[in-house]
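Inspection log for the structure reproduced underneath, given as structure tokens.
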Amino acid sequence: MRVLVTGGAGYIGGTAAAILLERGFDVTVLDDCSTGHLEAVDSRATFINGSILDNATVAKALQGVEAVLHFSAKSLVGESVTKPEIYWNTNVNGARILLDEMRTAGIKKIVFSSTAATYGEPKEIPITENSETKPTNPYGASKLAVDYMLTSEAIAHEIAAISLRYFNVAGALKSSSGWLAERHDPETHLIPNILRASDTAPLKVFGSDWPTQDGTCIRDYIHVVDLIEAHILALGAATAGSHQIINLGSGGGYSVREVITATEKVLGRQVPAEFVERRAGDPAVLIADITKAESILGWKPSQNIEDMVRDTWDSFQ
Ligand code: UDP
């Protein structure tokens with residue numbers, strides 16, 4: 001079975017392509033390498049270097065494909081606030097064009113990379129798929145718009161669709177072409193920033209007065225390999241005429257302090273850190289309820305926070 005991986009030159013899409021190929025799937029990657037990296041594209045995949053916003057390119061990428069994993073998107077919360085038009089265009093129009101071309105080609109299965117940012121500031125913890133969706137930035141809003149798009153199109157056009165709402169994705173995969181890991185410039189994510197902290201540039205911990213046990217924010221971290229495993233299961237679980245929304249996290253949370261402690265254990269040394277002001281837009285606690293992923297996909301995460309830290313560290317070496 002051939003699967004189209006949009007965004008397959010990125011961290012998560014590249015990991016998906018590599019794992020699919022290892023499992024015997026044929027893979028086409030569509031990516032314009034605007035934020036992805038050409039070297040991240042697995043050499044065994046058919047690579048279409050082009051934009052999700054170009055109908056002819058998308059139609060070409062869909063040739064011979066039976067299902068789509070749609071990762072291609074802009075995903076920086078801060079940038080989405082200052083340049084929302086890019087988010088509405090790439091994320092929403094990109095999905096729009098993809099679904100149009102899938103319909104023309106008669107392809108009826110899609111697994112979509114959605115996000116916990118669709119929920120916004122949670123009123124309840126853990127967050128279930130029935131929790132209120134009230135995104136607090138254009139990134140989350142654009143992903144929620146695509147979730148709505150999929151719900152209506154699944155019903156109207158007998159599409160089998162699953163949206164997977166990611167919490168904090170971390171870790172890395174060593175594939176046959178090398179490490180696939182997060183590479184952002186500037187880096188904003190906690191684990192890479194902890195690993196890069198030094199005496200001259202200590203980690204900045206955003207806030208020490210949050211309403212949590214140790215005063216630092218709590219997030220639900222999930223290893224990228226566990227995340228992709230859920231996508232492969234979703235390909236099997238998606239059913240025609242239905243759009244399911246499923247959270248992907250570990251179902252538990254770690255505070256910033258706890259992630260630092262886990263890192264110190266992995267590295268065998270202390271991590272230099274200093275407390276600074278809270279970061280704008282950060283909720284205190286985000287934890288996924290993952291019972292739906294367990295019941296519908298038969299999925300459970302298998303890697304813990306130390307695995308995520310260790311793999312990220314190894315990918316840096
Ligand atoms: N964080 C931090 N210092 C950093 C980066 C992140 O204290 O250099 C905190 C951040 O405030 C949040 C948590 O770590 O509470 C996870 O942040 P990240 O940016 O990794 O993911 P987010 O939850 O924002 O998607």
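Every chain in the structure tokens takes a letter, A first, then B, and so on in the order presented; its residues are numbered from 1, and the ligands are numbered from 1 following the presented order.
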
Output the neighbourhood of ligand 1 as a ChimeraX atom specification, that is, all protein and nucleic acid residues with some atom at most 9 Å from the ligand, counting only C-alpha atoms and all ligand atoms. /A:77,116-117,167-170,187-194,203-207,216-221,255-257,259,275-276,278-286

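Look at Lys134 in chain A: the protein and nucleic acid residues within 10 Å of it, using only C-alpha atoms and passing over chain neighbours fewer than 5 places away, are Ala117, Thr118, Tyr119, Gly120, Glu121, Pro122, Gly140, Ala141 and Leu144 of chain A.
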
Expected file contents, prior selection, N, CA and C atoms, as an mmCIF file, in the first residue's frame:
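Heads up, here's the output in again-v1.cif:
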```cif
data_model
loop_
_atom_site.group_PDB
_atom_site.id
_atom_site.type_symbol
_atom_site.label_atom_id
_atom_site.label_comp_id
_atom_site.auth_asym_id
_atom_site.auth_seq_id
_atom_site.Cartn_x
_atom_site.Cartn_y
_atom_site.Cartn_z
ATOM 1 N N ALA A 117 -3.429 22.372 20.799
ATOM 2 C CA ALA A 117 -3.674 23.821 20.741
ATOM 3 C C ALA A 117 -5.104 24.140 20.296
ATOM 4 N N THR A 118 -5.822 23.141 19.766
ATOM 5 C CA THR A 118 -7.235 23.362 19.412
ATOM 6 C C THR A 118 -8.093 23.569 20.668
ATOM 7 N N TYR A 119 -7.620 23.058 21.816
ATOM 8 C CA TYR A 119 -8.421 23.178 23.041
ATOM 9 C C TYR A 119 -8.243 24.536 23.721
ATOM 10 N N GLY A 120 -7.075 25.161 23.528
ATOM 11 C CA GLY A 120 -6.807 26.424 24.217
ATOM 12 C C GLY A 120 -6.562 26.218 25.690
ATOM 13 N N GLU A 121 -6.932 27.199 26.492
ATOM 14 C CA GLU A 121 -6.756 27.137 27.957
ATOM 15 C C GLU A 121 -7.783 26.157 28.513
ATOM 16 N N PRO A 122 -7.336 24.995 29.034
ATOM 17 C CA PRO A 122 -8.322 23.969 29.411
ATOM 18 C C PRO A 122 -9.113 24.320 30.669
ATOM 19 N N GLY A 140 -3.646 27.170 16.501
ATOM 20 C CA GLY A 140 -4.663 26.233 16.985
ATOM 21 C C GLY A 140 -5.969 26.393 16.226
ATOM 22 N N ALA A 141 -6.328 27.635 15.928
ATOM 23 C CA ALA A 141 -7.585 27.892 15.212
ATOM 24 C C ALA A 141 -7.544 27.302 13.807
ATOM 25 N N LEU A 144 -8.002 23.612 14.069
ATOM 26 C CA LEU A 144 -9.401 23.291 14.407
ATOM 27 C C LEU A 144 -10.287 23.432 13.175
#
```

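Within 10 Å of Ile107 in chain A, once only C-alpha atoms are used and residues closer than 6 positions along the same chain are dropped, the contacting residues are Leu62, Gln63, Gly64, Val65, Glu66, Ala67, Val68, Leu99, Glu101, Ile159 and Ala160 of chain A.
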
Which residue out of A:Pro84, A:Gly106, A:Arg183, A:Lys143 has the minimum interatomic distance to His37 in chain A when only C-alpha atoms are used? A:Arg183

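Across A:Ser43, A:Thr128, A:Thr312, A:Asn247, the tightest approach to Thr263 in chain A is made by A:Thr312 when counting only C-alpha atoms.
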
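Rounded to one decimal, CA of Lys83 in chain A and CA of Gly13 in chain A lie 23.4 Å from each other.
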
Contacts of Ile162 in chain A at 6 Å or less, counting only C-alpha atoms, minus same-chain residues fewer than 6 places along, as a list in words? Val111, His243, Gln244 and Ile245 of chain A

Would you export the selected residues with all heavy atoms as a PDB file, in the first residue's frame, please?
```pdb
ATOM      1  N   VAL A 111      -5.260  10.612   7.615  1.00  0.00           N
ATOM      2  CA  VAL A 111      -4.961  10.808   9.041  1.00  0.00           C
ATOM      3  C   VAL A 111      -4.298  12.178   9.157  1.00  0.00           C
ATOM      4  O   VAL A 111      -3.294  12.457   8.481  1.00  0.00           O
ATOM      5  CB  VAL A 111      -4.037   9.694   9.582  1.00  0.00           C
ATOM      6  CG1 VAL A 111      -3.666   9.958  11.041  1.00  0.00           C
ATOM      7  CG2 VAL A 111      -4.734   8.335   9.448  1.00  0.00           C
ATOM      8  N   HIS A 243     -15.358  10.735  10.815  1.00  0.00           N
ATOM      9  CA  HIS A 243     -14.166  11.470  11.237  1.00  0.00           C
ATOM     10  C   HIS A 243     -14.041  11.346  12.741  1.00  0.00           C
ATOM     11  O   HIS A 243     -14.908  11.807  13.481  1.00  0.00           O
ATOM     12  CB  HIS A 243     -14.285  12.956  10.844  1.00  0.00           C
ATOM     13  CG  HIS A 243     -13.155  13.797  11.360  1.00  0.00           C
ATOM     14  ND1 HIS A 243     -13.346  15.052  11.880  1.00  0.00           N
ATOM     15  CD2 HIS A 243     -11.829  13.549  11.440  1.00  0.00           C
ATOM     16  CE1 HIS A 243     -12.165  15.546  12.257  1.00  0.00           C
ATOM     17  NE2 HIS A 243     -11.248  14.656  11.993  1.00  0.00           N
ATOM     18  N   GLN A 244     -12.964  10.723  13.183  1.00  0.00           N
ATOM     19  CA  GLN A 244     -12.735  10.558  14.618  1.00  0.00           C
ATOM     20  C   GLN A 244     -11.636  11.515  15.060  1.00  0.00           C
ATOM     21  O   GLN A 244     -10.649  11.699  14.328  1.00  0.00           O
ATOM     22  CB  GLN A 244     -12.231   9.146  14.905  1.00  0.00           C
ATOM     23  CG  GLN A 244     -13.145   8.067  14.416  1.00  0.00           C
ATOM     24  CD  GLN A 244     -13.874   7.416  15.576  1.00  0.00           C
ATOM     25  OE1 GLN A 244     -14.154   8.057  16.598  1.00  0.00           O
ATOM     26  NE2 GLN A 244     -14.180   6.156  15.433  1.00  0.00           N
ATOM     27  N   ILE A 245     -11.796  12.058  16.240  1.00  0.00           N
ATOM     28  CA  ILE A 245     -10.755  12.917  16.815  1.00  0.00           C
ATOM     29  C   ILE A 245     -10.178  12.194  18.030  1.00  0.00           C
ATOM     30  O   ILE A 245     -10.943  11.757  18.908  1.00  0.00           O
ATOM     31  CB  ILE A 245     -11.338  14.285  17.201  1.00  0.00           C
ATOM     32  CG1 ILE A 245     -11.739  15.038  15.917  1.00  0.00           C
ATOM     33  CG2 ILE A 245     -10.336  15.096  18.032  1.00  0.00           C
ATOM     34  CD1 ILE A 245     -12.434  16.353  16.151  1.00  0.00           C
TER      35      ILE A 245
END
```

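Nearest-residue note for Gly14 in chain A: choosing from A:Ala273, A:Leu98, A:Val41, A:Val146, the minimum distance belongs to A:Val41, counting only C-alpha atoms.
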